[in-house]
Structure formats: structure tokens, C-alpha cells
>>> print(open('entry_0.cif').read())   # mmCIF, C-alpha atoms
data_work
#
loop_
_atom_site.label_atom_id
_atom_site.label_comp_id
_atom_site.auth_asym_id
_atom_site.auth_seq_id
_atom_site.Cartn_x
_atom_site.Cartn_y
_atom_site.Cartn_z
CA MET I 1 46.32 93.24 17.48
CA ALA I 2 44.26 95.61 19.64
CA ASP I 3 47.33 97.75 20.27
CA GLN I 4 47.80 98.22 16.53
CA CYS I 5 44.26 98.96 15.36
CA PHE I 6 43.76 102.65 15.90
CA TRP I 7 47.04 104.59 16.24
CA PHE I 8 46.96 105.48 12.55
CA LEU I 9 43.22 104.71 12.33
CA GLU I 10 43.47 103.01 8.97
CA ASP I 11 40.89 100.43 10.03
CA VAL I 12 38.25 103.18 9.96
CA ASP I 13 36.90 104.21 6.56
CA VAL I 14 36.91 107.98 7.02
CA LYS I 15 35.84 108.66 3.45
CA SER I 16 32.84 106.40 3.94
CA LEU I 17 31.92 108.17 7.18
CA LEU I 18 32.07 111.49 5.33
CA ASP I 19 29.98 110.34 2.37
CA PRO I 20 27.57 113.27 1.73
CA GLN I 21 24.67 110.83 1.37
CA LYS I 22 25.33 109.61 4.93
CA VAL I 23 25.89 112.91 6.70
CA GLU I 24 23.10 114.87 5.03
CA PRO I 25 20.86 116.51 6.08
CA ALA I 26 22.93 117.15 9.22
CA ILE I 27 25.41 119.13 7.11
CA ASP I 28 24.41 121.12 4.03
CA GLN I 29 27.82 120.75 2.38
CA LEU I 30 31.12 119.27 3.49
CA VAL I 31 34.05 121.66 3.18
CA HIS I 32 37.16 120.31 1.47
CA ARG I 33 40.30 122.42 1.29
CA SER I 34 43.72 121.80 -0.22
CA TYR I 35 47.00 122.99 1.31
CA LYS I 36 50.44 123.37 -0.21
CA LYS I 37 53.54 121.83 1.35
CA GLY I 38 54.61 123.95 4.32
CA GLU I 39 51.30 125.81 4.57
CA ASN I 40 49.86 126.41 8.03
CA ILE I 41 46.45 124.88 8.74
CA PHE I 42 46.17 126.46 12.15
CA VAL I 43 48.53 128.24 14.55
CA PRO I 44 48.52 128.95 18.30
CA LYS I 45 45.68 131.22 19.45
CA ASP I 46 43.46 130.29 16.49
CA GLU I 47 39.96 129.42 17.65
CA ALA I 48 39.61 125.69 18.31
CA ASP I 49 36.24 125.21 16.66
CA LYS I 50 36.94 122.71 13.86
CA ILE I 51 37.88 119.08 13.30
CA TYR I 52 40.09 118.08 10.37
CA PHE I 53 40.01 114.79 8.43
CA VAL I 54 43.02 114.01 6.22
CA MET I 55 41.69 112.80 2.88
CA GLU I 56 45.10 112.97 1.14
CA GLY I 57 48.59 113.93 2.27
CA ARG I 58 50.22 114.32 5.70
CA VAL I 59 50.11 116.91 8.48
CA LYS I 60 52.64 117.66 11.21
CA ILE I 61 51.53 118.89 14.63
CA LEU I 62 54.20 121.15 16.16
CA THR I 63 54.76 123.13 19.31
CA ASN I 64 57.50 125.43 20.59
CA ASN I 65 59.57 124.46 23.62
CA GLU I 66 60.81 126.89 26.26
CA GLU I 67 63.77 127.84 24.07
CA GLY I 68 61.43 128.63 21.17
CA LYS I 69 62.53 125.59 19.17
CA GLU I 70 59.93 123.73 17.10
CA VAL I 71 59.15 120.23 18.37
CA THR I 72 57.12 117.65 16.45
CA LYS I 73 54.36 116.19 18.62
CA MET I 74 52.56 114.04 16.06
CA ILE I 75 52.40 113.23 12.37
CA ILE I 76 48.91 112.75 10.96
CA ASN I 77 48.52 110.55 7.89
CA GLN I 78 45.82 109.91 5.33
CA GLY I 79 42.72 108.46 7.00
CA GLU I 80 43.39 110.15 10.35
CA ILE I 81 41.95 113.18 12.08
CA PHE I 82 43.38 116.01 14.14
CA GLY I 83 42.10 118.96 16.12
CA GLU I 84 39.91 116.59 18.14
CA LEU I 85 40.64 118.38 21.44
CA ALA I 86 38.13 120.97 20.27
CA LEU I 87 35.51 118.42 21.33
CA VAL I 88 36.53 118.66 24.98
CA GLU I 89 37.74 122.25 25.24
CA SER I 90 36.38 125.27 23.40
CA SER I 91 39.46 127.45 23.70
CA GLN I 92 42.32 128.47 21.46
CA ARG I 93 44.79 126.25 19.64
CA ARG I 94 48.10 125.69 21.42
CA ASP I 95 49.95 124.00 18.55
CA TYR I 96 50.78 124.48 14.90
CA ALA I 97 49.38 122.20 12.19
CA VAL I 98 51.43 122.27 8.98
CA ALA I 99 50.99 120.39 5.70
CA MET I 100 54.03 118.16 5.08
CA GLU I 101 53.11 117.72 1.41
CA PRO I 102 50.18 118.69 -0.82
CA THR I 103 47.25 117.83 1.45
CA THR I 104 43.47 117.76 1.16
CA LEU I 105 41.35 118.05 4.30
CA CYS I 106 37.68 117.66 5.05
CA ILE I 107 36.80 120.31 7.63
CA MET I 108 33.81 120.23 9.98
CA THR I 109 32.85 122.69 12.68
CA ILE I 110 32.22 121.31 16.16
CA GLU I 111 28.52 122.14 15.86
CA GLU I 112 28.28 120.26 12.56
CA LEU I 113 30.09 117.29 14.03
CA LYS I 114 27.84 117.15 17.09
CA SER I 115 24.82 117.21 14.80
CA VAL I 116 26.18 114.28 12.78
CA MET I 117 27.05 112.30 15.91
CA LYS I 118 23.45 112.54 17.13
CA THR I 119 22.16 110.68 14.08
CA HIS I 120 25.15 108.55 13.07
CA SER I 121 26.43 106.30 15.84
CA ALA I 122 29.46 105.22 13.76
CA MET I 123 30.83 108.76 13.95
CA GLY I 124 30.48 108.87 17.73
CA LEU I 125 32.22 105.51 18.10
CA PHE I 126 34.97 106.71 15.76
CA PHE I 127 35.78 109.66 18.02
CA MET I 128 35.56 107.62 21.21
CA LYS I 129 38.22 105.31 19.80
CA ILE I 130 40.39 108.22 18.73
CA LEU I 131 40.32 110.00 22.07
CA GLY I 132 40.81 106.78 24.01
CA GLN I 133 43.67 105.51 21.88
CA ARG I 134 45.53 108.82 21.98
CA VAL I 135 45.38 108.77 25.77
CA VAL I 136 46.83 105.23 25.68
CA ASP I 137 49.54 106.35 23.25
CA MET I 138 50.52 109.22 25.53
CA GLU I 139 50.79 106.88 28.50
CA LYS I 140 52.96 104.49 26.49
CA ARG I 141 55.25 107.33 25.43
CA LEU I 142 55.65 108.46 29.04
CA GLU I 143 56.43 104.89 30.15
CA SER I 144 59.00 104.60 27.38
CA LEU I 145 60.70 107.81 28.54
CA VAL I 146 60.94 106.48 32.08
CA PHE I 147 61.89 102.85 31.47
CA ARG I 148 63.70 102.75 28.11
CA ASP I 149 67.04 104.10 26.97
CA SER I 150 67.24 106.25 23.83
CA ARG I 151 68.32 103.43 21.52
CA THR I 152 65.48 101.18 22.66
CA ARG I 153 62.95 103.99 22.20
CA ILE I 154 64.06 104.43 18.60
CA VAL I 155 63.94 100.70 17.84
CA GLU I 156 60.48 100.43 19.43
CA PHE I 157 59.34 103.38 17.36
CA LEU I 158 60.51 101.73 14.13
CA LEU I 159 58.78 98.47 15.02
CA ASP I 160 55.55 100.24 15.96
CA LEU I 161 55.64 102.30 12.77
CA ALA I 162 56.17 99.17 10.68
CA LYS I 163 53.32 97.29 12.39
CA ARG I 164 50.89 100.10 11.82
CA LYS I 165 51.99 101.54 8.48
CA GLY I 166 54.14 98.84 6.91
CA GLN I 167 53.41 96.43 4.07
CA ARG I 168 54.77 92.90 4.13
CA VAL I 169 56.95 91.92 1.17
CA GLY I 170 58.02 88.35 1.80
CA TYR I 171 59.94 88.37 5.08
CA GLU I 172 60.53 92.10 4.83
CA THR I 173 58.33 95.05 5.82
CA VAL I 174 58.35 98.36 3.93
CA VAL I 175 57.08 101.71 5.22
CA ARG I 176 56.45 104.37 2.59
CA LYS I 177 56.98 108.07 3.24
CA PHE I 178 59.59 107.58 5.94
CA MET I 179 60.10 110.40 8.46
CA THR I 180 63.09 112.67 8.81
CA HIS I 181 65.66 111.91 11.51
CA GLN I 182 64.64 115.09 13.32
CA ASP I 183 60.97 114.07 13.37
CA ILE I 184 61.89 110.67 14.80
CA ALA I 185 64.08 112.37 17.40
CA ASN I 186 61.21 114.65 18.46
CA LEU I 187 58.75 111.76 18.67
CA THR I 188 61.13 109.59 20.72
CA ALA I 189 62.57 112.35 22.94
CA THR I 190 66.08 111.76 21.63
CA SER I 191 68.48 113.82 19.51
CA ARG I 192 68.86 113.85 15.74
CA GLN I 193 72.44 112.66 16.12
CA THR I 194 71.33 109.70 18.23
CA VAL I 195 68.66 108.73 15.67
CA THR I 196 71.21 108.91 12.84
CA THR I 197 73.71 106.81 14.81
CA VAL I 198 71.13 104.12 15.65
CA LEU I 199 69.72 103.96 12.11
CA ASN I 200 73.17 103.74 10.56
CA ASP I 201 74.16 100.99 12.99
CA LEU I 202 71.02 98.98 12.18
CA ARG I 203 71.66 99.47 8.48
CA GLY I 204 75.30 98.45 8.85
CA ARG I 205 74.15 95.19 10.42
CA ASN I 206 71.65 94.65 7.58
CA LEU I 207 68.62 94.84 9.87
CA ILE I 208 67.12 97.79 7.99
CA THR I 209 67.70 99.96 4.96
CA PHE I 210 66.22 103.40 4.42
CA ASP I 211 66.22 106.62 2.44
CA ARG I 212 64.04 109.71 2.44
CA LYS I 213 61.13 107.89 0.83
CA ARG I 214 60.96 104.57 2.65
CA LEU I 215 62.08 102.33 5.49
CA LEU I 216 62.66 98.63 4.82
CA ILE I 217 62.93 96.27 7.81
CA ARG I 218 64.63 93.03 6.79
CA ASP I 219 63.21 90.93 9.61
CA MET I 220 60.79 92.24 12.24
CA GLU I 221 61.66 89.49 14.71
CA LYS I 222 65.39 90.14 14.52
CA LEU I 223 64.84 93.87 14.92
CA GLY I 224 62.70 93.14 17.97
CA GLU I 225 65.65 91.36 19.54
CA GLU I 226 67.39 94.76 19.68
CA ILE I 227 65.00 95.97 22.39
CA VAL I 228 66.59 96.09 25.81
CA VAL I 229 64.01 95.33 28.52
#
>>> encode(input="entry_0.cif", output="C-alpha cells")
Amino acid sequence: MADQCFWFLEDVDVKSLLDPQKVEPAIDQLVHRSYKKGENIFVPKDEADKIYFVMEGRVKILTNNEEGKEVTKMIINQGEIFGELALVESSQRRDYAVAMEPTTLCIMTIEELKSVMKTHSAMGLFFMKILGQRVVDMEKRLESLVFRDSRTRIVEFLLDLAKRKGQRVGYETVVRKFMTHQDIANLTATSRQTVTTVLNDLRGRNLITFDRKRLLIRDMEKLGEEIVV
């Protein structure tokens, strides 16, 4: 269970943490801003002086590889935060943050956040868990690249996604707002073609079904048997 608690951070009530009655008087007024689908939230070389809390919607964190191609590094969902590296380095942004759908963010400057953390221990613990878990996630991704083949990485990704974001419906598990094949390829260091081939094979064997809006895993245990150790 510990491995599943904080990757999407849904066990932390962000809206409660940002209740104006709890953060005042450290902050005079919380800033909420809405973004349209495809709108940039920040881009490389923007000043890294803010933290963003996703109240509604989804955000994609992107970077450009050496060939100038966009690569998805992370997808941030409702209840999560991003831009947290501003806490440990006061430099410029190196990535893009783009709204994947209509999105509402709560935005705090680093100085405001530090002020809140001094008087609200829950906020400090929240960020300790975030920074620690994202280091663990990075290590796990590196291990997967070294020790797993592309098919296994994709299957592990689906299982992990279902454990953290899925809802049980009988013996099945459904994940709403499923990702594109290209996003999965970027997050698993595979190709879009490989992702499509693996997903279609799993669907053909009735282990999963999917469309643009959802992923349905028929049996988590059977899907787990697809992992090659």
C-alpha cells in the first residue's frame, strides 16, 4: 500500500489544506486561475517562483529532446501539485506545463508557501512526501528502463495507473480519462507503435478494453501475469 499512496497524491486533501480559513493570515488571498485546453501555464526560462495546485482538470509537463521533439515527462491530475522544484532551486523553468483540458489552479508564490509552512505543519509534511515520492518514482522508472523490456514496462504502467487511479467495479478496474498512446510511450520510454501493438494484443485477449475516455482492466491479477521478470 505504501507504494501506492502518494504518486497521484489523492490521499491528501489539497482543497482542505488550501482552505482560506486555515492559511490566513499567512496569505492575504489565494490566487485561483483557469486555463483553456492547450494553454501554457509556464514555459522554459520563466521564473521558477510559484507552486501550482490542480483544483480541477489535468496538466501535462513537457520537455524538448535533442531533436526538438516534445516529450511528456509527467501528467498531473486533480489533487496534485507541480512546480515543486522551485522549493529547492530558485532558477528558471526548464519544462513546459500545458493544460490538457479546462483546468483551474491555485497558485502560491514560494514566499507565501514558506510562510504557510512555518505555521501549518500539514503543509510541510505534504511537500516532504511529494519530493520524496517523486525521487522514488524516478528511481523506479530508471530501474524499469534497465531491467524491463518495452512490453513489460507498458504492462507495469497500466497496472500502476489502475492501482492509483482506478475504481473497482466487481472484478474489473476502470480508469477514467485514459492517456493517449503517445503519452504512454513517452512515460514508458517506448514508441507509440509499440504501445498500440501491446494494447491491441491485450484487448484481443480480453485482458483490457479501452477508448479515448477510459481504460478497463478485466482482471488485475491476470494482467499482472503478463509481466516478465
>>> atom_distance(input="entry_0.cif", atom1="atom CA of I:Met179", atom2="atom CA of I:Ile41")
19.9 Å
>>> resolve_selection(input="entry_0.cif", expression="the PyMOL selection byres ((chain I and resi 183) around 12)", output="list of chain:residue names")
I:Lys60, I:Ile61, I:Leu62, I:Glu70, I:Val71, I:Thr72, I:Lys73, I:Met74, I:Ile75, I:Met100, I:Ile154, I:Phe157, I:Phe178, I:Met179, I:Thr180, I:His181, I:Gln182, I:Ile184, I:Ala185, I:Asn186, I:Leu187, I:Thr188, I:Ala189, I:Thr190, I:Ser191, I:Arg192, I:Gln193, I:Val195, I:Thr196
>>> atom_distance(input="entry_0.cif", atom1="atom CA of I:Asp46", atom2="atom CA of I:Ala99")
16.5 Å
>>> atom_distance(input="entry_0.cif", atom1="atom CA of I:Val146", atom2="atom CA of I:Val59")
28.0 Å
>>> residues_around(input="entry_0.cif", residues="stretch 101-104 of chain I", least_positions_apart="3", cutoff="12 Å", atoms="only C-alpha atoms", output="ChimeraX atom specification")
/I:31-41,52-60,75-81,97-98,107,177
>>> resolve_selection(input="entry_0.cif", expression="the PyMOL selection byres ((chain I and resi 214) around 9)", output="list in words")
Val174, Val175, Arg176, Lys177, Phe178, Met179, Thr209, Phe210, Asp211, Arg212, Lys213, Leu215 and Leu216 of chain I
>>> closest_residue(input="entry_0.cif", among="I:Gln167, I:Leu142, I:Met128, I:Leu30", to="I:Leu105", atoms="all atoms listed in the file")
I:Leu30
>>> residues_around(input="entry_0.cif", residues="I:Pro44", least_positions_apart="2", cutoff="7 Å", atoms="all atoms listed in the file", output="CSV table (one decimal) with C-alpha atoms, keeping the file's coordinate frame")
chain,number,residue,atom,x,y,z
I,46,ASP,CA,43.5,130.3,16.5
I,92,GLN,CA,42.3,128.5,21.5
I,93,ARG,CA,44.8,126.2,19.6
I,94,ARG,CA,48.1,125.7,21.4
I,95,ASP,CA,50.0,124.0,18.6
I,96,TYR,CA,50.8,124.5,14.9
>>> build_atoms(input="entry_0.cif", residues="stretch 134-160 of chain I", atoms="N, CA, C and O atoms", output="short mmCIF file (atom, residue, chain, number, x, y, z; two decimals), in the frame of the given file")
data_model
loop_
_atom_site.label_atom_id
_atom_site.label_comp_id
_atom_site.auth_asym_id
_atom_site.auth_seq_id
_atom_site.Cartn_x
_atom_site.Cartn_y
_atom_site.Cartn_z
N ARG I 134 44.48 107.80 21.84
CA ARG I 134 45.53 108.82 21.98
C ARG I 134 45.93 109.01 23.43
O ARG I 134 47.08 109.34 23.72
N VAL I 135 45.01 108.78 24.35
CA VAL I 135 45.38 108.77 25.77
C VAL I 135 46.32 107.60 26.06
O VAL I 135 47.34 107.74 26.75
N VAL I 136 45.98 106.42 25.51
CA VAL I 136 46.83 105.23 25.68
C VAL I 136 48.20 105.48 25.08
O VAL I 136 49.23 105.14 25.69
N ASP I 137 48.25 106.08 23.90
CA ASP I 137 49.54 106.35 23.25
C ASP I 137 50.40 107.28 24.09
O ASP I 137 51.61 107.10 24.20
N MET I 138 49.77 108.29 24.68
CA MET I 138 50.52 109.22 25.53
C MET I 138 51.09 108.51 26.74
O MET I 138 52.24 108.74 27.13
N GLU I 139 50.30 107.63 27.35
CA GLU I 139 50.79 106.88 28.50
C GLU I 139 51.97 105.99 28.12
O GLU I 139 52.95 105.87 28.87
N LYS I 140 51.88 105.35 26.95
CA LYS I 140 52.96 104.49 26.49
C LYS I 140 54.23 105.29 26.23
O LYS I 140 55.34 104.83 26.52
N ARG I 141 54.08 106.49 25.68
CA ARG I 141 55.25 107.33 25.43
C ARG I 141 55.90 107.75 26.74
O ARG I 141 57.14 107.78 26.85
N LEU I 142 55.10 108.08 27.74
CA LEU I 142 55.65 108.46 29.04
C LEU I 142 56.37 107.29 29.69
O LEU I 142 57.45 107.45 30.28
N GLU I 143 55.78 106.09 29.60
CA GLU I 143 56.43 104.89 30.15
C GLU I 143 57.76 104.62 29.44
O GLU I 143 58.75 104.24 30.08
N SER I 144 57.78 104.82 28.14
CA SER I 144 59.00 104.60 27.38
C SER I 144 60.10 105.56 27.81
O SER I 144 61.27 105.19 27.93
N LEU I 145 59.73 106.82 28.08
CA LEU I 145 60.70 107.81 28.54
C LEU I 145 61.31 107.42 29.88
O LEU I 145 62.49 107.65 30.13
N VAL I 146 60.48 106.83 30.74
CA VAL I 146 60.94 106.48 32.08
C VAL I 146 61.76 105.20 32.09
O VAL I 146 62.80 105.11 32.76
N PHE I 147 61.32 104.19 31.33
CA PHE I 147 61.89 102.85 31.47
C PHE I 147 62.79 102.40 30.32
O PHE I 147 63.40 101.34 30.40
N ARG I 148 62.90 103.16 29.25
CA ARG I 148 63.70 102.75 28.11
C ARG I 148 64.83 103.74 27.85
O ARG I 148 64.68 104.94 28.03
N ASP I 149 65.97 103.20 27.39
CA ASP I 149 67.04 104.10 26.97
C ASP I 149 66.74 104.62 25.56
O ASP I 149 65.80 104.17 24.90
N SER I 150 67.54 105.58 25.09
CA SER I 150 67.24 106.25 23.83
C SER I 150 67.27 105.29 22.65
O SER I 150 66.41 105.36 21.76
N ARG I 151 68.24 104.38 22.62
CA ARG I 151 68.32 103.43 21.52
C ARG I 151 67.08 102.54 21.46
O ARG I 151 66.51 102.32 20.40
N THR I 152 66.66 102.05 22.61
CA THR I 152 65.48 101.18 22.66
C THR I 152 64.23 101.93 22.22
O THR I 152 63.37 101.38 21.52
N ARG I 153 64.11 103.20 22.62
CA ARG I 153 62.95 103.99 22.20
C ARG I 153 62.89 104.11 20.69
O ARG I 153 61.81 104.03 20.09
N ILE I 154 64.03 104.30 20.07
CA ILE I 154 64.06 104.43 18.60
C ILE I 154 63.70 103.12 17.93
O ILE I 154 62.92 103.09 16.97
N VAL I 155 64.25 102.01 18.43
CA VAL I 155 63.94 100.70 17.84
C VAL I 155 62.45 100.39 18.02
O VAL I 155 61.80 99.92 17.08
N GLU I 156 61.90 100.65 19.21
CA GLU I 156 60.48 100.43 19.43
C GLU I 156 59.64 101.28 18.50
O GLU I 156 58.60 100.82 17.98
N PHE I 157 60.07 102.49 18.27
CA PHE I 157 59.34 103.38 17.36
C PHE I 157 59.31 102.80 15.95
O PHE I 157 58.27 102.80 15.28
N LEU I 158 60.45 102.31 15.47
CA LEU I 158 60.51 101.73 14.13
C LEU I 158 59.60 100.52 14.00
O LEU I 158 58.89 100.34 13.00
N LEU I 159 59.62 99.66 15.03
CA LEU I 159 58.78 98.47 15.02
C LEU I 159 57.30 98.85 15.03
O LEU I 159 56.48 98.28 14.29
N ASP I 160 56.95 99.81 15.87
CA ASP I 160 55.55 100.24 15.96
C ASP I 160 55.10 100.86 14.64
O ASP I 160 53.99 100.60 14.16
#
